[in-house]
Structure formats: C-alpha cells, structure tokens
Amino acid sequence: MRKLYFLLPGTDSKFACGGLWAELKTFNLAKEVCHADVVTYRQREKGKLFINDLLQEKNLDDVIFVISWGFDVARLATKLQQYNVVYHAHSAGYGFKLPASIPIISVSRDTMGYWGQSSPHSLIYYLPNQISNEFQNLNSQRDIDILVQARKSSQYLMQDLIPALREKCKVFVVNSYVDDLPGVFNRAKIYLYDSAEYWAQQGVSEGFGLQPLEALACGCQVFSSINGGLSDYLDPGFNCYKIAGYSKEYDVQRILKLLNNWTPSALSEEFLAEYRYENIIKRLELILDDLNDFFDHKKDHPGNIKNLTKMRLTRLRLQTLFNKVKKKYFKI
C-alpha cells in the first residue's frame, strides 16, 4: 500500500481552524492503516517534511499526496499533476475543476453530491469526520440553559436572539478555545448553531459541521441552521430544530417551550455509529485499497471518458433540441 502525504499549509496557530483539526484527525486515523506523514507547503516546520524538498526525489510512485486546503487545491493539483493525488474535500464551492485522474474523498454526502455533479468521471468516496467516543451523554447536572459558540455565528444569533434569551434564561457564550468541549456540552441543555450567514460570506459551503452533532451526542437539544454538510445528519422536528425560523419572537417561543419541558436528546448510538471510529477505519481501509488499485491502473492506462466541458454541454443541448424538433415536425 502506498504511503500517504497529507499536504497542509502549516500546522501552527496561524492555520488553526476546524478544517486543520479535522485533517490532522484523519491523518492520525490513516497512520493506523498505512504509513503516513504530514507535509507542509507554505512554511517550513521543524520535524516535518516540506513539499519542495520532497519533490526533489526522483521516484514518488509509491506515495499518494492528499490535498485538502480548499483555496490552495487548484494550484497544488497543477503542481502535482504528474504524481498520485487525492482530494480530501471538506467544503464545496471553490469554483475549481479537477481532472478525472484525481479521486475525491468527501467528508459529507452534501459535498459528495457537489463533486458527483461537478466531476462525474472522478472516483468519489464518502468518509465522514469522526465523532470521538468522549462525546456522549454523561447524565450529569446541567447548569447552562443555552450554549453558543461565537465563532461562525450569525449577527442575528449574537445581536438579536441571544439578548432576548438572556432576559429569560441562563446563556453561556464561548468566545475562545475550549479544552474540554464534551464537558461543556454535558453542562448545557440547548445548543444554538447558525453558520449559514458565515459560509455565505465565505462563498463556500459548511463542509461537515462537527459541533451540532457532537452536542447531540452529549445529550443537548440543538437549534441549528441546515446548510451544507449539516443537512447530512440534522432532521428538523425529529432530531433537532431549525434556527432563525421566521421571526425572533417565534425562535424565543420555541426555545423557551423546549427549555421548560427539557429532556436529553435521544440520538441513538446506532445513528452515531456512522461517525464513530470503528466505521470510519473500515471505510478508510476499503477506500485506500481502491485507490491503490486505481493508481496501479493509471500508470499504464490513460483516461478516455469525454469530459463535460462547456463546449460539449452546448453540443449536447443542441443535439437534444434538434432531436425534439425533428420528432415534433418530421415525425421521425
């Protein structure tokens, strides 16, 4: 099995974000299946490989480069076009195209569907992000009525809804990194998450949205937006509630009603199993076996399925139109 090189711009605080943590978590899982290393490409870091040094090696057929940092993917795909490359897709909507020679591993079905349409001749796989077993309901006393993480939250949530709720109940807003997030979730009764506005400003999708699922696993009731990858697992009315629903007053009414009759989220372990370690390791092993077979084939066989270019789509549409006209007027 080929070695995996996970390409990251860097791993220090300058690049700290959910995407970095998710990619490093996938890297650690991959190390249990095959040899894997982190490779940086924007800055050199002590004890880590640097891309330009690595590319000096003559034979890299026995490795697979894993690219993931959305804004850098197009440039990296071009730079590495002669090598074995896989795109680990989190968010969607960056606007670049990928050749069929680059397989895609998506973290959500939402992202998988995007690439299924945008890159129909690429190999595409689904590998969800992991929800660690520490995220579970500890059945402890909950002293926080409403929990909110400020990062990625909408102006409506922070400036309108939260002030209104603070008049009625205890609201705790997290503004910084939390060492024990499962512990905080286990203190809260209701968790609010509204990221649609944030991702609309970024121009790309919510790739997965770990926090609402982690909160549900810890027994919180969740009010959330349903954008992007959140739609994979959130089901309003059944395992969560849609936030920003019509008016602030209606949101407050629904939240207080739930708070006054609060019971823990009943998300089952069977539901969560899709996102737990055991399932993800099995999926990763199968995906990597497939990828190694594909790159063995790719060495000696060029791709020969026609791409859906703008020119080809135009021709297909014209052909369809012509066939309709022919059928209608010439009865053929």
# chains A, B, ... in the order shown; residues from 1 in each chain; ligands from 1
$ residues_around --residues "Ser91 of chain A" --least-positions-apart "2" --cutoff "6 Å" --atoms "only C-alpha atoms" --output "list of chain:residue names"
A:Ser205, A:Glu206, A:Gly207
$ closest_atom_pairs --of "segment 197-259 of chain A" --to "segment 117-135 of chain A" --cutoff "8 Å" --atoms "only C-alpha atoms" --output "Markdown table"
| residue | atom | partner | partner_atom | distance |
| --- | --- | --- | --- | --- |
| A:Phe208 | CA | A:Asn129 | CA | 7.5 |
| A:Leu210 | CA | A:Ile131 | CA | 7.7 |
| A:Leu213 | CA | A:Ile131 | CA | 7.9 |
| A:Glu214 | CA | A:Phe135 | CA | 5.9 |
| A:Ala215 | CA | A:Phe135 | CA | 7.6 |
| A:Ala217 | CA | A:Phe135 | CA | 5.8 |
| A:Cys218 | CA | A:Phe135 | CA | 5.5 |
$ write_last_selection --atoms "N, CA and C atoms" --output "mmCIF file, in the first residue's frame"
data_model
loop_
_atom_site.group_PDB
_atom_site.id
_atom_site.type_symbol
_atom_site.label_atom_id
_atom_site.label_comp_id
_atom_site.auth_asym_id
_atom_site.auth_seq_id
_atom_site.Cartn_x
_atom_site.Cartn_y
_atom_site.Cartn_z
ATOM 1 N N PHE A 208 -18.926 20.082 7.022
ATOM 2 C CA PHE A 208 -19.486 18.993 7.822
ATOM 3 C C PHE A 208 -20.294 19.561 8.992
ATOM 4 N N LEU A 210 -19.149 19.854 12.731
ATOM 5 C CA LEU A 210 -18.985 18.875 13.804
ATOM 6 C C LEU A 210 -19.790 19.212 15.057
ATOM 7 N N LEU A 213 -23.455 17.951 15.849
ATOM 8 C CA LEU A 213 -23.517 16.500 16.041
ATOM 9 C C LEU A 213 -22.859 16.111 17.367
ATOM 10 N N GLU A 214 -21.748 16.761 17.709
ATOM 11 C CA GLU A 214 -21.103 16.498 18.995
ATOM 12 C C GLU A 214 -22.034 16.875 20.155
ATOM 13 N N ALA A 215 -22.735 18.003 20.010
ATOM 14 C CA ALA A 215 -23.675 18.432 21.049
ATOM 15 C C ALA A 215 -24.819 17.435 21.200
ATOM 16 N N ALA A 217 -24.724 14.282 20.510
ATOM 17 C CA ALA A 217 -24.175 13.064 21.118
ATOM 18 C C ALA A 217 -24.047 13.208 22.626
ATOM 19 N N CYS A 218 -23.880 14.449 23.082
ATOM 20 C CA CYS A 218 -23.738 14.711 24.526
ATOM 21 C C CYS A 218 -25.079 14.971 25.208
#
$ atom_distance --atom1 "atom CA of Gln81 of chain A" --atom2 "atom CA of Arg2 of chain A"
17.2 Å
$ closest_residue --among "A:Leu291, A:Ala36, A:Cys17, A:Leu216" --to "Arg151 of chain A" --atoms "only C-alpha atoms"
A:Cys17
$ residues_around --residues "segment 255-257 of chain A" --least-positions-apart "6" --cutoff "12 Å" --atoms "only C-alpha atoms" --output "PyMOL selection string"
chain A and resi 145-147+161-162+164-171+189-192+221-224+240-245+248-249+263
$ atom_distance --atom1 "atom CA of Val66 of chain A" --atom2 "atom CA of Ser231 of chain A"
25.6 Å
$ closest_residue --among "A:Gly113, A:Tyr41, A:Asn28, A:Leu7" --to "Val85 of chain A" --atoms "only C-alpha atoms"
A:Leu7
$ select_by_dssp --residues "segment 243-275 of chain A" --states "alpha helix (DSSP H)" --output "ChimeraX atom specification"
/A:248-260,269-272
$ write_last_selection --atoms "all heavy atoms" --output "short mmCIF file (atom, residue, chain, number, x, y, z; two decimals), in the first residue's frame"
data_model
loop_
_atom_site.label_atom_id
_atom_site.label_comp_id
_atom_site.auth_asym_id
_atom_site.auth_seq_id
_atom_site.Cartn_x
_atom_site.Cartn_y
_atom_site.Cartn_z
N LYS A 248 -37.70 36.41 15.32
CA LYS A 248 -37.02 36.27 16.61
C LYS A 248 -38.00 35.81 17.68
O LYS A 248 -37.68 34.93 18.51
CB LYS A 248 -36.40 37.61 17.02
CG LYS A 248 -35.74 37.60 18.39
CD LYS A 248 -35.26 38.98 18.78
CE LYS A 248 -36.42 39.88 19.13
NZ LYS A 248 -35.98 41.21 19.60
N GLU A 249 -39.21 36.38 17.66
CA GLU A 249 -40.21 36.04 18.67
C GLU A 249 -40.59 34.56 18.60
O GLU A 249 -40.78 33.91 19.64
CB GLU A 249 -41.45 36.92 18.50
CG GLU A 249 -41.25 38.39 18.84
CD GLU A 249 -40.46 39.15 17.77
OE1 GLU A 249 -40.36 38.64 16.62
OE2 GLU A 249 -39.93 40.24 18.09
N TYR A 250 -40.67 34.03 17.37
CA TYR A 250 -41.02 32.61 17.23
C TYR A 250 -39.87 31.73 17.70
O TYR A 250 -40.10 30.69 18.34
CB TYR A 250 -41.39 32.30 15.78
CG TYR A 250 -41.96 30.91 15.59
CD1 TYR A 250 -43.04 30.48 16.37
CD2 TYR A 250 -41.43 30.04 14.65
CE1 TYR A 250 -43.57 29.21 16.22
CE2 TYR A 250 -41.96 28.76 14.49
CZ TYR A 250 -43.03 28.36 15.27
OH TYR A 250 -43.55 27.09 15.13
N ASP A 251 -38.63 32.12 17.41
CA ASP A 251 -37.47 31.38 17.92
C ASP A 251 -37.49 31.35 19.45
O ASP A 251 -37.29 30.30 20.07
CB ASP A 251 -36.16 32.00 17.44
CG ASP A 251 -35.73 31.48 16.08
OD1 ASP A 251 -36.38 30.56 15.55
OD2 ASP A 251 -34.73 31.99 15.54
N VAL A 252 -37.69 32.52 20.07
CA VAL A 252 -37.70 32.59 21.53
C VAL A 252 -38.81 31.71 22.09
O VAL A 252 -38.61 30.96 23.06
CB VAL A 252 -37.88 34.06 22.00
CG1 VAL A 252 -38.14 34.10 23.52
CG2 VAL A 252 -36.66 34.89 21.66
N GLN A 253 -39.98 31.77 21.47
CA GLN A 253 -41.11 30.95 21.93
C GLN A 253 -40.78 29.47 21.89
O GLN A 253 -41.02 28.73 22.86
CB GLN A 253 -42.32 31.24 21.03
CG GLN A 253 -43.54 30.37 21.32
CD GLN A 253 -44.65 30.62 20.31
OE1 GLN A 253 -44.92 31.76 19.94
NE2 GLN A 253 -45.29 29.55 19.85
N ARG A 254 -40.19 29.01 20.80
CA ARG A 254 -39.88 27.58 20.65
C ARG A 254 -38.78 27.15 21.61
O ARG A 254 -38.85 26.06 22.21
CB ARG A 254 -39.46 27.28 19.21
CG ARG A 254 -40.60 27.40 18.20
CD ARG A 254 -40.15 26.95 16.82
NE ARG A 254 -39.07 27.78 16.30
CZ ARG A 254 -38.08 27.36 15.54
NH1 ARG A 254 -37.99 26.07 15.22
NH2 ARG A 254 -37.16 28.18 15.09
N ILE A 255 -37.76 27.99 21.76
CA ILE A 255 -36.63 27.64 22.63
C ILE A 255 -37.08 27.56 24.09
O ILE A 255 -36.74 26.61 24.82
CB ILE A 255 -35.48 28.64 22.45
CG1 ILE A 255 -34.83 28.45 21.06
CG2 ILE A 255 -34.43 28.47 23.54
CD1 ILE A 255 -33.88 29.56 20.66
N LEU A 256 -37.86 28.54 24.54
CA LEU A 256 -38.32 28.55 25.93
C LEU A 256 -39.29 27.39 26.20
O LEU A 256 -39.28 26.79 27.28
CB LEU A 256 -38.98 29.88 26.25
CG LEU A 256 -38.04 31.09 26.28
CD1 LEU A 256 -38.81 32.36 26.63
CD2 LEU A 256 -36.89 30.88 27.25
N LYS A 257 -40.12 27.07 25.21
CA LYS A 257 -41.03 25.93 25.36
C LYS A 257 -40.24 24.64 25.56
O LYS A 257 -40.56 23.82 26.42
CB LYS A 257 -41.93 25.82 24.13
CG LYS A 257 -42.91 24.65 24.19
CD LYS A 257 -43.76 24.57 22.93
CE LYS A 257 -44.71 23.38 22.97
NZ LYS A 257 -45.52 23.29 21.72
N LEU A 258 -39.18 24.46 24.76
CA LEU A 258 -38.35 23.26 24.90
C LEU A 258 -37.61 23.27 26.23
O LEU A 258 -37.49 22.23 26.89
CB LEU A 258 -37.35 23.20 23.74
CG LEU A 258 -36.38 22.01 23.73
CD1 LEU A 258 -37.14 20.69 23.62
CD2 LEU A 258 -35.39 22.14 22.58
N LEU A 259 -37.13 24.44 26.62
CA LEU A 259 -36.39 24.54 27.88
C LEU A 259 -37.27 24.20 29.08
O LEU A 259 -36.83 23.51 30.02
CB LEU A 259 -35.82 25.97 28.02
CG LEU A 259 -34.84 26.21 29.16
CD1 LEU A 259 -33.60 25.33 29.00
CD2 LEU A 259 -34.44 27.69 29.19
N ASN A 260 -38.52 24.63 29.03
CA ASN A 260 -39.44 24.37 30.15
C ASN A 260 -39.86 22.90 30.23
O ASN A 260 -40.34 22.45 31.27
CB ASN A 260 -40.68 25.25 30.01
CG ASN A 260 -40.37 26.72 30.27
OD1 ASN A 260 -39.45 27.03 31.01
ND2 ASN A 260 -41.12 27.62 29.64
N GLU A 269 -27.07 5.45 19.63
CA GLU A 269 -25.70 5.05 19.28
C GLU A 269 -25.67 4.44 17.90
O GLU A 269 -24.66 4.52 17.21
CB GLU A 269 -25.17 4.05 20.30
CG GLU A 269 -23.99 4.43 21.16
CD GLU A 269 -23.07 5.56 20.71
OE1 GLU A 269 -22.29 5.39 19.73
OE2 GLU A 269 -23.07 6.60 21.33
N GLU A 270 -26.79 3.80 17.48
CA GLU A 270 -26.85 3.24 16.13
C GLU A 270 -26.71 4.35 15.09
O GLU A 270 -26.04 4.19 14.07
CB GLU A 270 -28.18 2.50 15.92
CG GLU A 270 -28.31 1.19 16.65
CD GLU A 270 -28.59 1.35 18.14
OE1 GLU A 270 -29.03 2.46 18.55
OE2 GLU A 270 -28.34 0.40 18.89
N PHE A 271 -27.34 5.51 15.35
CA PHE A 271 -27.23 6.65 14.45
C PHE A 271 -25.81 7.19 14.45
O PHE A 271 -25.24 7.49 13.39
CB PHE A 271 -28.20 7.75 14.90
CG PHE A 271 -28.21 8.96 14.01
CD1 PHE A 271 -29.11 9.08 12.97
CD2 PHE A 271 -27.30 10.00 14.20
CE1 PHE A 271 -29.12 10.19 12.14
CE2 PHE A 271 -27.29 11.11 13.38
CZ PHE A 271 -28.21 11.21 12.35
N LEU A 272 -25.21 7.28 15.62
CA LEU A 272 -23.86 7.84 15.75
C LEU A 272 -22.79 6.90 15.23
O LEU A 272 -21.67 7.34 14.94
CB LEU A 272 -23.58 8.18 17.21
CG LEU A 272 -24.33 9.38 17.78
CD1 LEU A 272 -24.20 9.42 19.29
CD2 LEU A 272 -23.80 10.68 17.17
#
$ select_by_dssp --residues "segment 157-225 of chain A" --states "strand (DSSP E)" --output "list in words"
Val171, Phe172, Val173, Val174, Ala188, Lys189, Ile190, Tyr191, Leu192, Tyr193, Gln221, Val222, Phe223 and Ser224 of chain A
$ write_last_selection --atoms "all heavy atoms" --output "compact mmCIF listing (two decimals), in the first residue's frame"
# COMPACT_ATOMS: atom_id res chain seq x y z
N VAL A 171 -27.66 32.02 29.60
CA VAL A 171 -26.99 31.82 28.32
C VAL A 171 -25.49 31.90 28.54
O VAL A 171 -24.99 32.83 29.19
CB VAL A 171 -27.44 32.88 27.29
CG1 VAL A 171 -26.71 32.66 25.97
CG2 VAL A 171 -28.95 32.83 27.09
N PHE A 172 -24.77 30.95 27.97
CA PHE A 172 -23.31 30.94 28.07
C PHE A 172 -22.73 30.98 26.66
O PHE A 172 -23.01 30.10 25.84
CB PHE A 172 -22.84 29.69 28.81
CG PHE A 172 -21.34 29.60 28.98
CD1 PHE A 172 -20.62 30.64 29.54
CD2 PHE A 172 -20.63 28.46 28.59
CE1 PHE A 172 -19.25 30.57 29.71
CE2 PHE A 172 -19.26 28.37 28.75
CZ PHE A 172 -18.57 29.44 29.31
N VAL A 173 -21.94 32.03 26.37
CA VAL A 173 -21.33 32.20 25.06
C VAL A 173 -19.85 31.87 25.15
O VAL A 173 -19.12 32.44 25.97
CB VAL A 173 -21.51 33.64 24.53
CG1 VAL A 173 -20.82 33.80 23.18
CG2 VAL A 173 -22.99 33.97 24.40
N VAL A 174 -19.39 30.96 24.31
CA VAL A 174 -17.98 30.57 24.26
C VAL A 174 -17.28 31.42 23.21
O VAL A 174 -17.66 31.42 22.04
CB VAL A 174 -17.83 29.07 23.91
CG1 VAL A 174 -16.36 28.69 23.76
CG2 VAL A 174 -18.50 28.21 24.96
N ALA A 188 -24.81 21.77 29.23
CA ALA A 188 -25.82 22.58 28.56
C ALA A 188 -27.07 21.79 28.23
O ALA A 188 -27.01 20.59 27.93
CB ALA A 188 -25.23 23.17 27.28
N LYS A 189 -28.20 22.48 28.25
CA LYS A 189 -29.47 21.85 27.88
C LYS A 189 -29.76 22.05 26.39
O LYS A 189 -30.21 21.11 25.72
CB LYS A 189 -30.61 22.43 28.72
CG LYS A 189 -30.50 22.11 30.20
CD LYS A 189 -31.63 22.75 31.00
CE LYS A 189 -31.50 22.43 32.49
NZ LYS A 189 -32.55 23.12 33.29
N ILE A 190 -29.50 23.26 25.89
CA ILE A 190 -29.79 23.58 24.49
C ILE A 190 -28.56 24.23 23.86
O ILE A 190 -27.91 25.09 24.48
CB ILE A 190 -31.00 24.53 24.38
CG1 ILE A 190 -32.27 23.85 24.90
CG2 ILE A 190 -31.20 24.99 22.93
CD1 ILE A 190 -33.50 24.76 24.94
N TYR A 191 -28.24 23.80 22.65
CA TYR A 191 -27.09 24.35 21.91
C TYR A 191 -27.61 25.04 20.65
O TYR A 191 -28.42 24.47 19.90
CB TYR A 191 -26.13 23.21 21.54
CG TYR A 191 -24.94 23.65 20.71
CD1 TYR A 191 -23.97 24.48 21.25
CD2 TYR A 191 -24.80 23.23 19.38
CE1 TYR A 191 -22.87 24.88 20.49
CE2 TYR A 191 -23.71 23.63 18.62
CZ TYR A 191 -22.75 24.46 19.19
OH TYR A 191 -21.67 24.86 18.44
N LEU A 192 -27.17 26.27 20.43
CA LEU A 192 -27.57 27.05 19.25
C LEU A 192 -26.41 27.16 18.28
O LEU A 192 -25.27 27.46 18.68
CB LEU A 192 -28.01 28.46 19.66
CG LEU A 192 -29.08 28.58 20.74
CD1 LEU A 192 -29.46 30.05 20.93
CD2 LEU A 192 -30.31 27.75 20.42
N TYR A 193 -26.69 26.93 16.99
CA TYR A 193 -25.66 26.99 15.95
C TYR A 193 -26.29 27.57 14.69
O TYR A 193 -27.29 27.04 14.19
CB TYR A 193 -25.12 25.58 15.68
CG TYR A 193 -23.94 25.50 14.73
CD1 TYR A 193 -22.65 25.71 15.20
CD2 TYR A 193 -24.12 25.19 13.40
CE1 TYR A 193 -21.55 25.62 14.35
CE2 TYR A 193 -23.02 25.09 12.54
CZ TYR A 193 -21.74 25.31 13.02
OH TYR A 193 -20.66 25.22 12.17
N GLN A 221 -30.20 19.38 23.31
CA GLN A 221 -31.15 19.66 22.25
C GLN A 221 -30.53 20.75 21.38
O GLN A 221 -29.89 21.66 21.90
CB GLN A 221 -32.49 20.12 22.81
CG GLN A 221 -33.20 19.07 23.65
CD GLN A 221 -33.83 17.97 22.80
OE1 GLN A 221 -33.78 18.01 21.57
NE2 GLN A 221 -34.42 16.98 23.45
N VAL A 222 -30.69 20.67 20.06
CA VAL A 222 -29.96 21.54 19.15
C VAL A 222 -30.92 22.33 18.26
O VAL A 222 -31.82 21.76 17.65
CB VAL A 222 -28.99 20.72 18.27
CG1 VAL A 222 -28.41 21.58 17.14
CG2 VAL A 222 -27.85 20.16 19.13
N PHE A 223 -30.70 23.66 18.23
CA PHE A 223 -31.31 24.54 17.23
C PHE A 223 -30.20 24.94 16.28
O PHE A 223 -29.19 25.52 16.70
CB PHE A 223 -31.90 25.79 17.88
CG PHE A 223 -33.25 25.58 18.51
CD1 PHE A 223 -33.37 24.94 19.74
CD2 PHE A 223 -34.40 26.04 17.88
CE1 PHE A 223 -34.61 24.75 20.32
CE2 PHE A 223 -35.65 25.85 18.46
CZ PHE A 223 -35.76 25.21 19.69
N SER A 224 -30.36 24.64 15.00
CA SER A 224 -29.25 24.85 14.05
C SER A 224 -29.75 25.28 12.68
O SER A 224 -30.90 25.01 12.30
CB SER A 224 -28.44 23.55 13.91
OG SER A 224 -27.41 23.69 12.95
$ closest_residue --among "A:Leu4, A:Val148, A:Val39, A:Ala74" --to "Leu181 of chain A" --atoms "only C-alpha atoms"
A:Val148
$ closest_residue --among "A:Ser225, A:Asn323, A:Ser101, A:Asn186" --to "Thr78 of chain A" --atoms "only C-alpha atoms"
A:Ser101
$ closest_residue --among "A:Leu308, A:Gly10, A:Lys327, A:Gln136" --to "Arg187 of chain A" --atoms "only C-alpha atoms"
A:Gln136
$ residues_around --residues "Asn307 of chain A" --least-positions-apart "3" --cutoff "10 Å" --atoms "only C-alpha atoms" --output "PyMOL selection string"
chain A and resi 99-100+119-121+304+310-313
$ write_last_selection --atoms "all heavy atoms" --output "compact mmCIF listing (two decimals), in the first residue's frame"
# COMPACT_ATOMS: atom_id res chain seq x y z
N PRO A 99 -9.32 17.12 -12.72
CA PRO A 99 -9.31 16.06 -13.73
C PRO A 99 -9.74 14.73 -13.12
O PRO A 99 -9.66 14.53 -11.90
CB PRO A 99 -7.84 16.01 -14.16
CG PRO A 99 -7.08 16.49 -12.96
CD PRO A 99 -7.95 17.54 -12.33
N ALA A 100 -10.18 13.82 -13.98
CA ALA A 100 -10.64 12.51 -13.51
C ALA A 100 -9.50 11.69 -12.90
O ALA A 100 -9.76 10.68 -12.24
CB ALA A 100 -11.29 11.74 -14.65
N SER A 119 -17.67 16.74 -11.09
CA SER A 119 -16.57 15.92 -11.60
C SER A 119 -17.06 14.49 -11.79
O SER A 119 -16.63 13.57 -11.10
CB SER A 119 -15.40 15.97 -10.60
OG SER A 119 -14.21 15.49 -11.17
N PRO A 120 -17.99 14.28 -12.75
CA PRO A 120 -18.68 13.00 -12.87
C PRO A 120 -17.81 11.81 -13.25
O PRO A 120 -18.24 10.67 -13.09
CB PRO A 120 -19.74 13.26 -13.95
CG PRO A 120 -19.19 14.39 -14.75
CD PRO A 120 -18.45 15.24 -13.79
N HIS A 121 -16.60 12.04 -13.75
CA HIS A 121 -15.74 10.92 -14.16
C HIS A 121 -14.62 10.63 -13.17
O HIS A 121 -13.75 9.80 -13.44
CB HIS A 121 -15.17 11.19 -15.55
CG HIS A 121 -16.23 11.52 -16.56
ND1 HIS A 121 -17.39 10.78 -16.68
CD2 HIS A 121 -16.32 12.53 -17.47
CE1 HIS A 121 -18.14 11.31 -17.62
NE2 HIS A 121 -17.53 12.36 -18.11
N ASN A 304 -10.08 7.90 -20.79
CA ASN A 304 -10.63 8.07 -22.13
C ASN A 304 -12.13 8.34 -22.15
O ASN A 304 -12.80 8.14 -23.15
CB ASN A 304 -10.33 6.83 -22.99
CG ASN A 304 -10.85 5.55 -22.35
OD1 ASN A 304 -11.67 5.59 -21.45
ND2 ASN A 304 -10.35 4.42 -22.83
N LYS A 310 -17.75 22.95 -21.22
CA LYS A 310 -18.82 23.85 -21.64
C LYS A 310 -19.17 23.62 -23.11
O LYS A 310 -20.35 23.64 -23.49
CB LYS A 310 -18.40 25.30 -21.43
CG LYS A 310 -18.35 25.72 -19.96
CD LYS A 310 -17.99 27.18 -19.82
CE LYS A 310 -17.97 27.58 -18.35
NZ LYS A 310 -17.61 29.02 -18.18
N MET A 311 -18.14 23.40 -23.95
CA MET A 311 -18.37 23.17 -25.36
C MET A 311 -19.19 21.89 -25.57
O MET A 311 -20.14 21.86 -26.36
CB MET A 311 -17.04 23.07 -26.10
CG MET A 311 -17.16 22.81 -27.60
SD MET A 311 -17.92 24.19 -28.48
CE MET A 311 -16.54 25.35 -28.46
N ARG A 312 -18.82 20.81 -24.84
CA ARG A 312 -19.54 19.55 -25.02
C ARG A 312 -20.98 19.66 -24.51
O ARG A 312 -21.90 19.12 -25.12
CB ARG A 312 -18.81 18.42 -24.30
CG ARG A 312 -19.47 17.07 -24.53
CD ARG A 312 -18.54 15.90 -24.33
NE ARG A 312 -19.26 14.68 -24.56
CZ ARG A 312 -19.72 13.87 -23.59
NH1 ARG A 312 -19.49 14.16 -22.32
NH2 ARG A 312 -20.39 12.77 -23.88
N LEU A 313 -21.18 20.36 -23.39
CA LEU A 313 -22.54 20.55 -22.88
C LEU A 313 -23.39 21.33 -23.88
O LEU A 313 -24.58 21.02 -24.08
CB LEU A 313 -22.49 21.29 -21.54
CG LEU A 313 -22.12 20.43 -20.31
CD1 LEU A 313 -21.89 21.31 -19.10
CD2 LEU A 313 -23.21 19.40 -20.03
$ residues_around --residues "Asn292 of chain A" --least-positions-apart "5" --cutoff "10 Å" --atoms "only C-alpha atoms" --output "JSON list (two decimals) with C-alpha atoms, in the first residue's frame"
[["chain", "number", "residue", "atom", "x", "y", "z"],
["A", 1, "MET", "CA", 0.00, 0.00, 0.00],
["A", 2, "ARG", "CA", 1.31, 3.43, -0.94],
["A", 3, "LYS", "CA", 2.39, 5.93, 1.68],
["A", 62, "ASP", "CA", 4.86, 4.70, -4.13],
["A", 63, "VAL", "CA", 3.18, 7.68, -2.44],
["A", 64, "ILE", "CA", -0.21, 9.42, -2.62],
["A", 84, "ASN", "CA", -0.70, 10.28, -7.45],
["A", 287, "ILE", "CA", -11.06, 3.39, 0.18],
["A", 297, "HIS", "CA", -4.13, 1.05, -13.36],
["A", 298, "LYS", "CA", -3.45, 4.75, -14.05]]
$ atom_distance --atom1 "atom CA of Lys31 of chain A" --atom2 "atom CA of Gly47 of chain A"
16.9 Å
$ closest_residue --among "A:Asp72, A:Asp179, A:Asp37, A:Asp232" --to "Asp110 of chain A" --atoms "only C-alpha atoms"
A:Asp232
$ residues_around --residues "Pro9 of chain A" --least-positions-apart "4" --cutoff "10 Å" --atoms "only C-alpha atoms" --output "PyMOL selection string"
chain A and resi 14-15+20+39-44+50-51+68-69+72
